[in-house]
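Source file: entry-v3.txt; contents: compact mmCIF, C-alpha atoms and all ligand atoms.
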```
# COMPACT_ATOMS: atom_id res chain seq x y z
CA MET A 44 -23.59 -51.90 -29.42
CA ASN A 45 -21.42 -49.13 -30.75
CA ASP A 46 -22.92 -46.69 -28.32
CA ILE A 47 -23.24 -47.55 -24.64
CA PRO A 48 -21.24 -50.71 -23.98
CA PRO A 49 -23.42 -53.66 -22.89
CA ASP A 50 -20.98 -54.38 -20.06
CA ARG A 51 -21.30 -51.30 -17.88
CA SER A 52 -18.37 -52.22 -15.59
CA THR A 53 -15.68 -49.59 -15.47
CA ILE A 54 -11.91 -50.16 -15.23
CA ASP A 55 -11.07 -51.07 -11.62
CA THR A 56 -9.05 -48.74 -9.40
CA ALA A 57 -5.88 -50.86 -9.28
CA THR A 58 -5.79 -51.07 -13.08
CA LEU A 59 -6.38 -47.33 -13.37
CA GLU A 60 -3.43 -46.69 -11.06
CA ARG A 61 -1.30 -48.93 -13.24
CA VAL A 62 -2.31 -47.22 -16.51
CA ARG A 63 -1.76 -43.79 -14.98
CA ALA A 64 1.73 -44.93 -13.99
CA ASP A 65 2.31 -45.70 -17.69
CA VAL A 66 2.18 -41.94 -18.42
CA THR A 67 5.13 -39.60 -17.95
CA SER A 68 3.42 -36.24 -18.60
CA ALA A 69 3.00 -33.88 -15.67
CA ARG A 70 0.23 -31.97 -17.43
CA ALA A 71 -3.50 -32.36 -16.93
CA HIS A 72 -4.18 -33.64 -20.42
CA PHE A 73 -7.63 -32.93 -21.84
CA ASN A 74 -6.63 -33.24 -25.48
CA HIS A 75 -6.98 -36.99 -26.04
CA ALA A 76 -9.20 -36.19 -29.05
CA GLY A 77 -6.18 -34.44 -30.59
CA MET A 78 -3.54 -36.89 -29.49
CA SER A 79 -3.59 -38.95 -26.32
CA LEU A 80 -0.58 -39.51 -24.08
CA THR A 81 1.48 -42.47 -25.26
CA PRO A 82 1.51 -45.25 -22.65
CA ALA A 83 4.92 -46.63 -21.62
CA PRO A 84 4.67 -50.01 -23.42
CA VAL A 85 3.82 -48.25 -26.72
CA LEU A 86 6.60 -45.69 -26.27
CA ASP A 87 9.00 -48.50 -25.39
CA ARG A 88 8.08 -50.51 -28.49
CA VAL A 89 8.71 -47.49 -30.75
CA LEU A 90 11.97 -46.46 -29.10
CA THR A 91 13.31 -50.02 -29.01
CA HIS A 92 12.77 -50.35 -32.74
CA LEU A 93 14.39 -46.99 -33.52
CA GLN A 94 17.35 -48.16 -31.47
CA LEU A 95 17.46 -51.44 -33.39
CA GLU A 96 17.43 -49.51 -36.69
CA ALA A 97 20.40 -47.47 -35.49
CA GLU A 98 22.25 -50.62 -34.46
CA LEU A 99 21.42 -53.03 -37.29
CA GLY A 100 20.40 -50.76 -40.16
CA GLY A 101 16.78 -49.98 -41.01
CA TYR A 102 16.17 -52.73 -43.57
CA GLU A 103 17.91 -55.30 -41.40
CA ALA A 104 15.87 -54.23 -38.35
CA ALA A 105 12.62 -54.64 -40.35
CA VAL A 106 13.70 -58.18 -41.29
CA ALA A 107 14.47 -58.92 -37.65
CA VAL A 108 10.89 -58.02 -36.62
CA GLY A 109 9.32 -59.36 -39.84
CA ASP A 110 6.77 -61.62 -38.16
CA GLU A 111 5.61 -58.90 -35.78
CA LEU A 112 5.29 -56.42 -38.65
CA ALA A 113 3.36 -58.86 -40.81
CA ALA A 114 0.94 -59.39 -37.91
CA VAL A 115 0.05 -55.68 -37.54
CA PRO A 116 -3.05 -55.86 -39.81
CA ALA A 117 -4.29 -58.91 -37.88
CA VAL A 118 -3.95 -57.10 -34.54
CA LEU A 119 -5.84 -54.05 -35.83
CA ALA A 120 -8.41 -56.36 -37.44
CA GLU A 121 -9.06 -58.12 -34.15
CA MET A 122 -9.90 -54.78 -32.54
CA LEU A 123 -12.44 -53.96 -35.28
CA GLY A 124 -13.98 -57.41 -35.81
CA ALA A 125 -12.42 -57.64 -39.29
CA THR A 126 -9.90 -59.93 -41.00
CA ALA A 127 -6.27 -59.00 -41.67
CA ASP A 128 -6.83 -58.72 -45.43
CA GLU A 129 -9.54 -56.12 -44.80
CA ILE A 130 -7.10 -53.82 -42.98
CA ALA A 131 -4.41 -51.47 -44.24
CA ALA A 132 -2.24 -49.24 -42.08
CA THR A 133 -1.79 -45.65 -43.30
CA GLU A 134 -0.31 -42.42 -41.93
CA SER A 135 -3.51 -40.54 -41.14
CA ALA A 136 -7.28 -40.89 -41.26
CA THR A 137 -7.34 -38.38 -44.09
CA ARG A 138 -4.88 -40.49 -46.10
CA ALA A 139 -6.95 -43.62 -45.40
CA TRP A 140 -10.21 -41.96 -46.54
CA GLU A 141 -8.59 -40.34 -49.55
CA THR A 142 -7.00 -43.65 -50.61
CA ALA A 143 -10.30 -45.52 -50.28
CA LEU A 144 -12.42 -42.89 -52.02
CA TRP A 145 -10.10 -42.25 -54.97
CA SER A 146 -9.53 -45.97 -55.48
CA LEU A 147 -13.31 -46.50 -55.52
CA ALA A 148 -13.80 -43.59 -57.92
CA GLU A 149 -11.14 -44.92 -60.31
CA THR A 150 -12.21 -48.54 -60.08
CA PHE A 151 -15.94 -47.92 -60.51
CA ASP A 152 -15.59 -44.81 -62.66
CA TYR A 153 -17.60 -42.35 -60.58
CA ARG A 154 -18.70 -39.41 -62.73
CA GLY A 155 -21.23 -36.58 -63.15
CA GLY A 156 -24.70 -37.72 -62.16
CA ASP A 157 -23.31 -39.94 -59.37
CA ARG A 158 -23.93 -38.79 -55.80
CA ILE A 159 -22.19 -39.07 -52.48
CA ILE A 160 -24.22 -38.52 -49.33
CA VAL A 161 -22.42 -37.08 -46.32
CA ASP A 162 -23.65 -36.22 -42.82
CA GLN A 163 -23.64 -32.73 -41.33
CA PHE A 164 -20.79 -33.65 -38.95
CA ALA A 165 -18.21 -34.47 -41.62
CA TYR A 166 -14.65 -33.50 -40.75
CA ALA A 167 -12.90 -30.84 -42.86
CA THR A 168 -10.82 -33.31 -44.86
CA VAL A 169 -13.72 -35.71 -45.46
CA HIS A 170 -15.43 -32.70 -46.99
CA SER A 171 -12.39 -31.50 -48.95
CA THR A 172 -11.77 -34.95 -50.47
CA LEU A 173 -15.38 -34.94 -51.67
CA ALA A 174 -14.92 -31.43 -53.05
CA ALA A 175 -11.80 -32.57 -54.95
CA LEU A 176 -13.72 -35.53 -56.38
CA HIS A 177 -16.51 -33.20 -57.43
CA ARG A 178 -14.00 -30.94 -59.16
CA SER A 179 -12.23 -33.69 -61.03
CA ARG A 180 -15.08 -36.12 -61.76
CA GLY A 181 -18.23 -34.06 -61.30
CA VAL A 182 -19.62 -36.30 -58.54
CA GLU A 183 -22.35 -34.47 -56.60
CA MET A 184 -22.29 -34.19 -52.82
CA THR A 185 -25.51 -34.12 -50.76
CA VAL A 186 -25.34 -33.10 -47.10
CA VAL A 187 -27.90 -34.71 -44.80
CA PRO A 188 -29.06 -32.23 -42.16
CA ALA A 189 -29.04 -33.23 -38.49
CA HIS A 190 -31.69 -32.75 -35.82
CA PRO A 191 -31.09 -29.46 -33.92
CA ASP A 192 -29.78 -31.37 -30.86
CA GLY A 193 -26.98 -32.84 -32.97
CA ARG A 194 -28.35 -36.30 -33.76
CA LEU A 195 -28.18 -37.61 -37.31
CA ASP A 196 -31.56 -37.43 -39.06
CA ALA A 197 -31.75 -41.04 -40.26
CA ALA A 198 -35.09 -40.45 -41.99
CA ALA A 199 -33.58 -37.59 -44.02
CA LEU A 200 -30.67 -39.82 -44.93
CA ALA A 201 -32.99 -42.62 -46.08
CA ALA A 202 -35.05 -40.11 -48.09
CA SER A 203 -32.01 -38.79 -49.95
CA LEU A 204 -30.83 -42.24 -51.11
CA ASP A 205 -31.42 -43.02 -54.76
CA GLU A 206 -30.02 -45.26 -57.49
CA HIS A 207 -27.29 -42.70 -58.28
CA THR A 208 -25.91 -42.81 -54.73
CA ARG A 209 -22.42 -44.35 -54.84
CA VAL A 210 -21.19 -43.68 -51.32
CA VAL A 211 -22.72 -42.71 -47.98
CA VAL A 212 -20.18 -41.41 -45.47
CA VAL A 213 -21.15 -40.91 -41.83
CA THR A 214 -19.15 -39.62 -38.84
CA HIS A 215 -19.33 -41.88 -35.78
CA MET A 216 -18.38 -38.97 -33.53
CA PRO A 217 -17.63 -35.46 -34.79
CA THR A 218 -14.35 -33.70 -34.11
CA HIS A 219 -16.03 -31.01 -31.97
CA VAL A 220 -18.79 -32.66 -29.87
CA GLY A 221 -18.90 -36.10 -28.25
CA THR A 222 -22.25 -37.15 -29.68
CA VAL A 223 -22.26 -40.77 -30.85
CA THR A 224 -24.14 -41.47 -34.07
CA ASP A 225 -25.92 -44.81 -34.18
CA VAL A 226 -24.00 -45.98 -37.22
CA ALA A 227 -25.40 -49.52 -36.94
CA ALA A 228 -28.87 -48.04 -37.51
CA VAL A 229 -27.54 -46.35 -40.67
CA GLY A 230 -26.05 -49.70 -41.71
CA ARG A 231 -29.48 -51.31 -41.35
CA LEU A 232 -31.04 -48.52 -43.44
CA LEU A 233 -28.48 -49.12 -46.17
CA ALA A 234 -28.70 -52.92 -46.15
CA GLY A 235 -29.55 -54.03 -49.66
CA SER A 236 -28.43 -50.74 -51.24
CA ASP A 237 -25.55 -50.75 -53.73
CA ALA A 238 -24.04 -47.65 -52.13
CA VAL A 239 -20.71 -48.05 -50.33
CA PHE A 240 -21.22 -47.26 -46.63
CA ALA A 241 -18.17 -45.52 -45.13
CA VAL A 242 -17.79 -44.60 -41.46
CA ASP A 243 -15.36 -42.10 -39.96
CA LEU A 244 -14.24 -43.74 -36.70
CA SER A 245 -11.57 -41.12 -35.99
CA GLN A 246 -12.97 -40.03 -32.64
CA THR A 247 -14.32 -43.38 -31.45
CA LEU A 248 -11.51 -45.84 -32.15
CA GLY A 249 -10.00 -46.60 -28.75
CA GLN A 250 -12.84 -45.14 -26.70
CA LEU A 251 -15.73 -47.45 -27.67
CA PRO A 252 -16.00 -51.08 -28.74
CA ILE A 253 -16.23 -51.15 -32.54
CA ASP A 254 -17.44 -54.04 -34.67
CA VAL A 255 -17.49 -53.25 -38.37
CA GLY A 256 -19.67 -56.31 -39.05
CA ALA A 257 -22.30 -55.13 -36.57
CA ILE A 258 -22.18 -51.62 -38.08
CA GLY A 259 -22.58 -53.11 -41.54
CA CYS A 260 -20.10 -50.71 -43.14
CA ASP A 261 -17.96 -51.34 -46.22
CA VAL A 262 -15.24 -48.81 -45.39
CA ALA A 263 -14.02 -47.35 -42.08
CA PHE A 264 -11.03 -45.23 -41.10
CA ALA A 265 -9.41 -43.71 -38.03
CA PRO A 266 -6.05 -42.38 -36.88
CA GLY A 267 -4.10 -44.20 -34.18
CA ARG A 268 -2.93 -41.17 -32.22
CA LYS A 269 -6.26 -40.15 -30.68
CA PHE A 270 -8.16 -42.29 -28.17
CA LEU A 271 -6.26 -45.42 -29.24
CA ARG A 272 -3.09 -43.78 -27.87
CA ALA A 273 -0.77 -44.83 -30.72
CA PRO A 274 2.12 -42.71 -32.06
CA ARG A 275 1.50 -39.90 -34.54
CA GLY A 276 1.61 -40.82 -38.23
CA THR A 277 -0.48 -43.97 -37.81
CA ALA A 278 -4.01 -44.83 -38.95
CA VAL A 279 -6.17 -47.74 -39.97
CA LEU A 280 -8.31 -48.30 -43.05
CA TYR A 281 -10.93 -51.06 -43.22
CA VAL A 282 -12.48 -52.17 -46.52
CA ARG A 283 -14.89 -55.13 -46.53
CA ALA A 284 -13.28 -58.17 -48.21
CA ALA A 285 -15.52 -58.40 -51.28
CA LEU A 286 -14.87 -54.72 -52.07
CA ALA A 287 -11.18 -54.80 -51.14
CA ASP A 288 -10.61 -57.56 -53.71
CA GLN A 289 -12.04 -55.35 -56.46
CA ILE A 290 -10.36 -52.01 -55.94
CA VAL A 291 -7.40 -50.94 -58.02
CA PRO A 292 -5.23 -48.55 -55.99
CA LEU A 293 -3.93 -45.38 -57.56
CA ALA A 294 -0.45 -46.20 -56.22
CA LEU A 295 0.35 -49.80 -57.14
CA PRO A 296 2.36 -51.83 -54.65
CA PHE A 297 6.04 -52.63 -55.20
CA GLY A 298 6.48 -55.42 -57.77
CA ALA A 299 2.86 -55.42 -59.00
CA VAL A 300 3.65 -54.36 -62.58
CA ASP A 301 4.84 -56.81 -65.24
CA PRO A 302 8.24 -55.39 -66.38
CA ASP A 303 7.56 -56.52 -69.98
CA ASP A 304 4.04 -55.10 -70.16
CA LEU A 305 3.17 -51.93 -68.24
CA GLY A 306 -0.52 -52.58 -68.84
CA ARG A 307 -0.41 -55.87 -66.92
CA PHE A 308 -0.22 -56.00 -63.18
CA THR A 309 -1.07 -58.46 -60.45
CA LEU A 310 -2.50 -57.31 -57.16
CA PRO A 311 -2.25 -59.14 -53.85
CA ALA A 312 -5.51 -60.23 -52.20
CA GLY A 313 -7.55 -57.77 -50.15
CA LEU A 314 -5.97 -54.62 -48.80
CA ARG A 315 -2.44 -55.97 -49.05
CA ARG A 316 -2.70 -54.26 -52.44
CA LEU A 317 -2.53 -50.89 -50.67
CA ASP A 318 0.71 -51.72 -48.88
CA GLN A 319 3.71 -49.63 -49.84
CA PHE A 320 7.36 -50.51 -49.38
CA GLU A 321 8.20 -47.47 -47.28
CA TYR A 322 6.55 -46.40 -44.02
CA GLY A 323 7.51 -45.60 -40.44
CA VAL A 324 8.21 -49.08 -39.14
CA ALA A 325 8.61 -48.07 -35.49
CA ALA A 326 5.30 -46.18 -35.51
CA ARG A 327 3.56 -49.14 -37.10
CA LEU A 328 4.82 -51.47 -34.42
CA GLY A 329 3.57 -48.83 -31.98
CA VAL A 330 0.01 -48.74 -33.32
CA ALA A 331 -0.26 -52.51 -32.95
CA GLU A 332 1.06 -52.25 -29.39
CA ALA A 333 -1.52 -49.54 -28.66
CA ALA A 334 -4.29 -51.81 -29.98
CA ARG A 335 -3.08 -54.66 -27.78
CA TYR A 336 -2.95 -52.27 -24.80
CA ALA A 337 -6.56 -51.14 -25.39
CA MET A 338 -7.82 -54.69 -25.96
CA ALA A 339 -6.12 -55.89 -22.77
CA LEU A 340 -7.99 -53.20 -20.81
CA GLY A 341 -11.21 -54.07 -22.66
CA LEU A 342 -12.88 -51.57 -24.95
CA ASP A 343 -16.20 -52.13 -23.20
CA ARG A 344 -14.60 -51.17 -19.87
CA ILE A 345 -12.78 -48.24 -21.50
CA GLY A 346 -16.16 -47.10 -22.88
CA ALA A 347 -17.88 -47.33 -19.50
CA THR A 348 -15.03 -45.47 -17.76
CA MET A 349 -15.06 -42.83 -20.47
CA ALA A 350 -18.79 -42.27 -19.92
CA ASP A 351 -18.13 -41.74 -16.23
CA ARG A 352 -15.18 -39.36 -16.77
CA SER A 353 -17.12 -37.41 -19.41
CA ARG A 354 -20.07 -36.90 -17.05
CA ALA A 355 -17.62 -35.56 -14.46
CA VAL A 356 -16.21 -33.05 -16.97
CA ILE A 357 -19.72 -31.97 -17.99
CA GLU A 358 -20.71 -31.42 -14.33
CA ARG A 359 -17.60 -29.34 -13.60
CA LEU A 360 -18.00 -27.19 -16.73
CA ALA A 361 -21.74 -26.73 -16.23
CA SER A 362 -21.08 -25.27 -12.79
CA PHE A 363 -19.37 -22.23 -14.36
CA ASP A 364 -21.62 -19.21 -14.81
CA GLY A 365 -22.18 -18.32 -18.43
CA VAL A 366 -20.24 -21.25 -19.87
CA ARG A 367 -22.29 -22.72 -22.76
CA LEU A 368 -21.79 -26.41 -23.48
CA THR A 369 -22.19 -27.09 -27.19
CA GLY A 370 -22.99 -30.81 -26.97
CA THR A 371 -25.56 -32.96 -25.20
CA PRO A 372 -25.50 -34.24 -21.57
CA ASP A 373 -24.66 -37.70 -22.97
CA ASP A 374 -21.57 -36.57 -24.84
CA ARG A 375 -18.50 -38.63 -24.19
CA GLY A 376 -14.82 -38.13 -24.88
CA ILE A 377 -15.32 -34.66 -26.31
CA ILE A 378 -16.97 -31.94 -24.23
CA SER A 379 -16.86 -28.53 -25.84
CA PHE A 380 -17.87 -25.13 -24.58
CA VAL A 381 -17.99 -21.43 -25.34
CA HIS A 382 -16.76 -19.05 -22.62
CA PRO A 383 -19.01 -16.05 -21.86
CA THR A 384 -16.28 -13.44 -22.37
CA LEU A 385 -13.08 -15.03 -23.71
CA SER A 386 -12.33 -16.38 -27.17
CA PRO A 387 -11.64 -20.13 -27.44
CA GLU A 388 -8.00 -19.34 -28.23
CA ALA A 389 -7.64 -17.16 -25.12
CA VAL A 390 -9.18 -19.91 -22.96
CA GLN A 391 -6.89 -22.59 -24.39
CA VAL A 392 -3.76 -20.47 -23.91
CA GLY A 393 -4.88 -19.42 -20.41
CA LEU A 394 -5.51 -23.01 -19.32
CA SER A 395 -2.24 -24.15 -20.85
CA ALA A 396 -0.36 -21.63 -18.70
CA HIS A 397 -1.73 -23.57 -15.71
CA GLY A 398 -0.53 -26.92 -17.06
CA VAL A 399 -3.92 -27.91 -18.48
CA ASN A 400 -4.11 -29.07 -22.10
CA THR A 401 -7.31 -28.39 -24.04
CA TRP A 402 -7.76 -27.52 -27.71
CA VAL A 403 -9.70 -25.16 -29.95
CA ASN A 404 -12.33 -26.48 -32.35
CA PRO A 405 -11.98 -24.10 -35.32
CA ALA A 406 -15.08 -23.35 -37.41
CA GLY A 407 -13.36 -24.99 -40.38
CA GLY A 408 -13.03 -28.34 -38.55
CA ALA A 409 -16.62 -29.36 -39.30
CA PRO A 410 -17.74 -26.90 -41.99
CA PHE A 411 -21.33 -28.12 -42.50
CA ASP A 412 -22.14 -28.19 -38.80
CA ALA A 413 -20.50 -24.78 -38.31
CA ALA A 414 -22.87 -23.39 -40.93
CA ALA A 415 -25.93 -25.08 -39.40
CA ARG A 416 -25.59 -24.62 -35.63
CA PRO A 417 -23.91 -22.19 -33.19
CA VAL A 418 -21.41 -24.81 -32.01
CA LEU A 419 -18.14 -23.55 -33.50
CA PRO A 420 -15.61 -22.25 -32.72
CA SER A 421 -15.36 -23.65 -29.19
CA VAL A 422 -12.95 -25.02 -26.59
CA ARG A 423 -12.60 -28.80 -26.70
CA VAL A 424 -12.03 -30.65 -23.44
CA SER A 425 -11.37 -34.31 -24.08
CA PRO A 426 -10.82 -36.66 -21.15
CA HIS A 427 -9.98 -40.36 -21.39
CA TYR A 428 -10.34 -43.35 -19.10
CA LEU A 429 -7.09 -42.37 -17.35
CA THR A 430 -8.32 -38.86 -16.45
CA SER A 431 -8.08 -38.54 -12.65
CA ASP A 432 -10.05 -36.45 -10.15
CA ASP A 433 -6.85 -34.49 -9.67
CA ASP A 434 -6.86 -33.65 -13.41
CA LEU A 435 -10.48 -32.49 -13.04
CA ASP A 436 -9.57 -30.32 -10.04
CA ARG A 437 -6.72 -28.75 -12.02
CA LEU A 438 -9.07 -28.02 -14.93
CA GLU A 439 -11.57 -26.39 -12.59
CA ARG A 440 -8.93 -24.30 -10.79
CA ALA A 441 -7.39 -23.18 -14.10
CA LEU A 442 -10.84 -22.14 -15.38
CA HIS A 443 -11.48 -20.11 -12.22
CA ALA A 444 -8.07 -18.46 -12.66
CA LEU A 445 -9.14 -17.16 -16.10
CA ASP A 446 -11.77 -14.85 -14.63
C1 LIG A 501 -13.86 -36.76 -36.93
C2 LIG A 501 -12.50 -36.68 -37.56
N1 LIG A 501 -12.32 -37.22 -38.77
C3 LIG A 501 -11.12 -37.19 -39.39
C4 LIG A 501 -10.04 -36.60 -38.80
C5 LIG A 501 -8.74 -36.52 -39.57
O1 LIG A 501 -7.74 -37.30 -38.98
P1 LIG A 501 -6.24 -37.13 -39.50
O2 LIG A 501 -5.73 -35.84 -38.94
O3 LIG A 501 -5.53 -38.35 -38.93
O4 LIG A 501 -6.24 -37.14 -40.97
C6 LIG A 501 -10.17 -36.00 -37.54
C7 LIG A 501 -9.02 -35.32 -36.91
O5 LIG A 501 -9.14 -34.62 -35.95
C8 LIG A 501 -11.44 -36.06 -36.90
O6 LIG A 501 -11.64 -35.51 -35.71
```

Take the structure in this file and express it as structure tokens.
Ligand SMILES: Cc1ncc(COP(=O)(O)O)c(C=O)c1O
Amino acid sequence: MNDIPPDRSTIDTATLERVRADVTSARAHFNHAGMSLTPAPVLDRVLTHLQLEAELGGYEAAVAVGDELAAVPAVLAEMLGATADEIAATESATRAWETALWSLAETFDYRGGDRIIVDQFAYATVHSTLAALHRSRGVEMTVVPAHPDGRLDAAALAASLDEHTRVVVVTHMPTHVGTVTDVAAVGRLLAGSDAVFAVDLSQTLGQLPIDVGAIGCDVAFAPGRKFLRAPRGTAVLYVRAALADQIVPLALPFGAVDPDDLGRFTLPAGLRRLDQFEYGVAARLGVAEAARYAMALGLDRIGATMADRSRAVIERLASFDGVRLTGTPDDRGIISFVHPTLSPEAVQVGLSAHGVNTWVNPAGGAPFDAAARPVLPSVRVSPHYLTSDDDLDRLERALHALD
């Protein structure tokens, strides 16, 4: 259910025309996995609030939109099949993961002898947070190898679980190939285990329907700026209610500490305890607007359209002599390749000169996978549901012009 949407119907042509009209960029944008193009209603919501801050004053403007702001966790929760108290908004996926992991480590006193299991596709900062935890608390990290074709080896993951395993963190889709991991199958494997199951949804939020209950995860995180099409500096953290009510954040919320006794503090229920007084209010209103925009289109229909657009990219790239695709024929959202003669950087710069945005997957982006398979560095081409045939033609022409 987190892979191929059950409803295979794609977004209809009239709706696609409308969503394309919501974009102002003249470029052929194939970097939605980096940051998508902000749709007009999201941009409008952000700009309107910045304007209101300038007119009323920032604190006064926040009061004026108080109800809408308070509803942001509920909107994000609806998209993920969670409740508002299970959702916190943060500035980046890295910050969300770091906040969750360090709070867990402090609350449950992770130490030497404890283990964290991580998949081969882990993003650089998922890895570096684990490395920092190892350095400060001695927690061991075990990397589960993947099958050579890039699928998670669920049997290897099950075999590496033991009573010392505190956390299992799995990447729903890596940063550098569009292979979807069946995270619900991992959730079933972990059912009954005491380990916290965390899922990195960074590259799937906004391109596939996600239901944290169906996945069976305890923690999930993703930025808003990628396929969800929210402003930069936005992200979402999910922590299952029973766990959220137990964690003690490293940074206590405003007003939590008893002024007469620094050792006493009271925490709000659920993830409201992670809320901080200061954040980018306009961007936060924007991420909720982006979630509403995606839900109005239907994440199942977005998923089906994405599958179609991704196949089209794969066909166009595969027709180039010598171009080596680094993913599978089923990859979606992220299609990466190695050019026969040019470096990924030279390809990206060359395409950009023709108005085509792509990106480079550096080897450091997914360090375990880079060490295990010849998939990095590479050029990342990431379409979205709004990618048109004209965009595809421009990509193809720009690639021909490189030779
Ligand atoms: C799979 C994956 N995880 C995590 C991240 C980190 O997201 P952020 O830059 O918002 O911290 C990225 C960013 O590209 C990613 O691709």

Query - Nearby polymer residues, ligand LIG 501 (chain A), at most 9 Å, all atoms listed in the file, as a PyMOL selection string - result: chain A and resi 76-78+134-140+164-169+214-219+243-247+264-269+275-278+408-409

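Of the residues listed (A:Val115, A:Leu86, A:Val212, A:Ala294), A:Ala294 shows the shortest atom-to-atom separation from A:Gln319; distances use only C-alpha atoms.
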
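With all atoms listed in the file as the atoms that count, the minimum distance from A:Val229 to the choices A:Val392, A:Ala333, A:Leu286, A:Val242 is reached by A:Val242.
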
**Report entry** Residues near A:Glu332, cut-off 12 Å, only C-alpha atoms, skip fewer than 6 positions along chain, as a PyMOL selection string
**Finding:** chain A and resi 81-89+111-112+114-116+118-119+122+267+271-274+277+325-326+338-339

Prev. selection, C-alpha atoms, output as a PDB file, in the coordinates of the input:
```pdb
ATOM      1  CA  THR A  81       1.480 -42.470 -25.260  1.00  0.00           C
ATOM      2  CA  PRO A  82       1.510 -45.250 -22.650  1.00  0.00           C
ATOM      3  CA  ALA A  83       4.920 -46.630 -21.620  1.00  0.00           C
ATOM      4  CA  PRO A  84       4.670 -50.010 -23.420  1.00  0.00           C
ATOM      5  CA  VAL A  85       3.820 -48.250 -26.720  1.00  0.00           C
ATOM      6  CA  LEU A  86       6.600 -45.690 -26.270  1.00  0.00           C
ATOM      7  CA  ASP A  87       9.000 -48.500 -25.390  1.00  0.00           C
ATOM      8  CA  ARG A  88       8.080 -50.510 -28.490  1.00  0.00           C
ATOM      9  CA  VAL A  89       8.710 -47.490 -30.750  1.00  0.00           C
ATOM     10  CA  GLU A 111       5.610 -58.900 -35.780  1.00  0.00           C
ATOM     11  CA  LEU A 112       5.290 -56.420 -38.650  1.00  0.00           C
ATOM     12  CA  ALA A 114       0.940 -59.390 -37.910  1.00  0.00           C
ATOM     13  CA  VAL A 115       0.050 -55.680 -37.540  1.00  0.00           C
ATOM     14  CA  PRO A 116      -3.050 -55.860 -39.810  1.00  0.00           C
ATOM     15  CA  VAL A 118      -3.950 -57.100 -34.540  1.00  0.00           C
ATOM     16  CA  LEU A 119      -5.840 -54.050 -35.830  1.00  0.00           C
ATOM     17  CA  MET A 122      -9.900 -54.780 -32.540  1.00  0.00           C
ATOM     18  CA  GLY A 267      -4.100 -44.200 -34.180  1.00  0.00           C
ATOM     19  CA  LEU A 271      -6.260 -45.420 -29.240  1.00  0.00           C
ATOM     20  CA  ARG A 272      -3.090 -43.780 -27.870  1.00  0.00           C
ATOM     21  CA  ALA A 273      -0.770 -44.830 -30.720  1.00  0.00           C
ATOM     22  CA  PRO A 274       2.120 -42.710 -32.060  1.00  0.00           C
ATOM     23  CA  THR A 277      -0.480 -43.970 -37.810  1.00  0.00           C
ATOM     24  CA  ALA A 325       8.610 -48.070 -35.490  1.00  0.00           C
ATOM     25  CA  ALA A 326       5.300 -46.180 -35.510  1.00  0.00           C
ATOM     26  CA  MET A 338      -7.820 -54.690 -25.960  1.00  0.00           C
ATOM     27  CA  ALA A 339      -6.120 -55.890 -22.770  1.00  0.00           C
TER      28      ALA A 339
END
```

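Interatomic distance, atom CA of A:Thr208 to atom CA of A:Gly193: 24.0 Å.
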
Report task. Write out as a list in words which residues come within 10 Å of A:Ala120 when counting only C-alpha atoms, dropping same-chain ones fewer than 2 positions away. Result -> Ala114, Val115, Pro116, Ala117, Val118, Met122, Leu123, Gly124, Ala125, Thr126, Ala127, Asp128, Glu129, Ile130, Ala131, Asp254, Val255, Val279, Leu280, Tyr281 and Ala334 of chain A

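Reported to one decimal place, the separation of atom CA of A:Ala355 from atom CA of A:Leu442 is 15.1 Å.
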
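Distances to A:Thr185 were evaluated for A:Arg209, A:Arg158, A:Arg327, A:His72 using all atoms listed in the file, and the minimum falls at A:Arg158.
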
Report summary line: The distance between atom CA of A:Met184 and atom CA of A:Ile160 is 5.9 Å
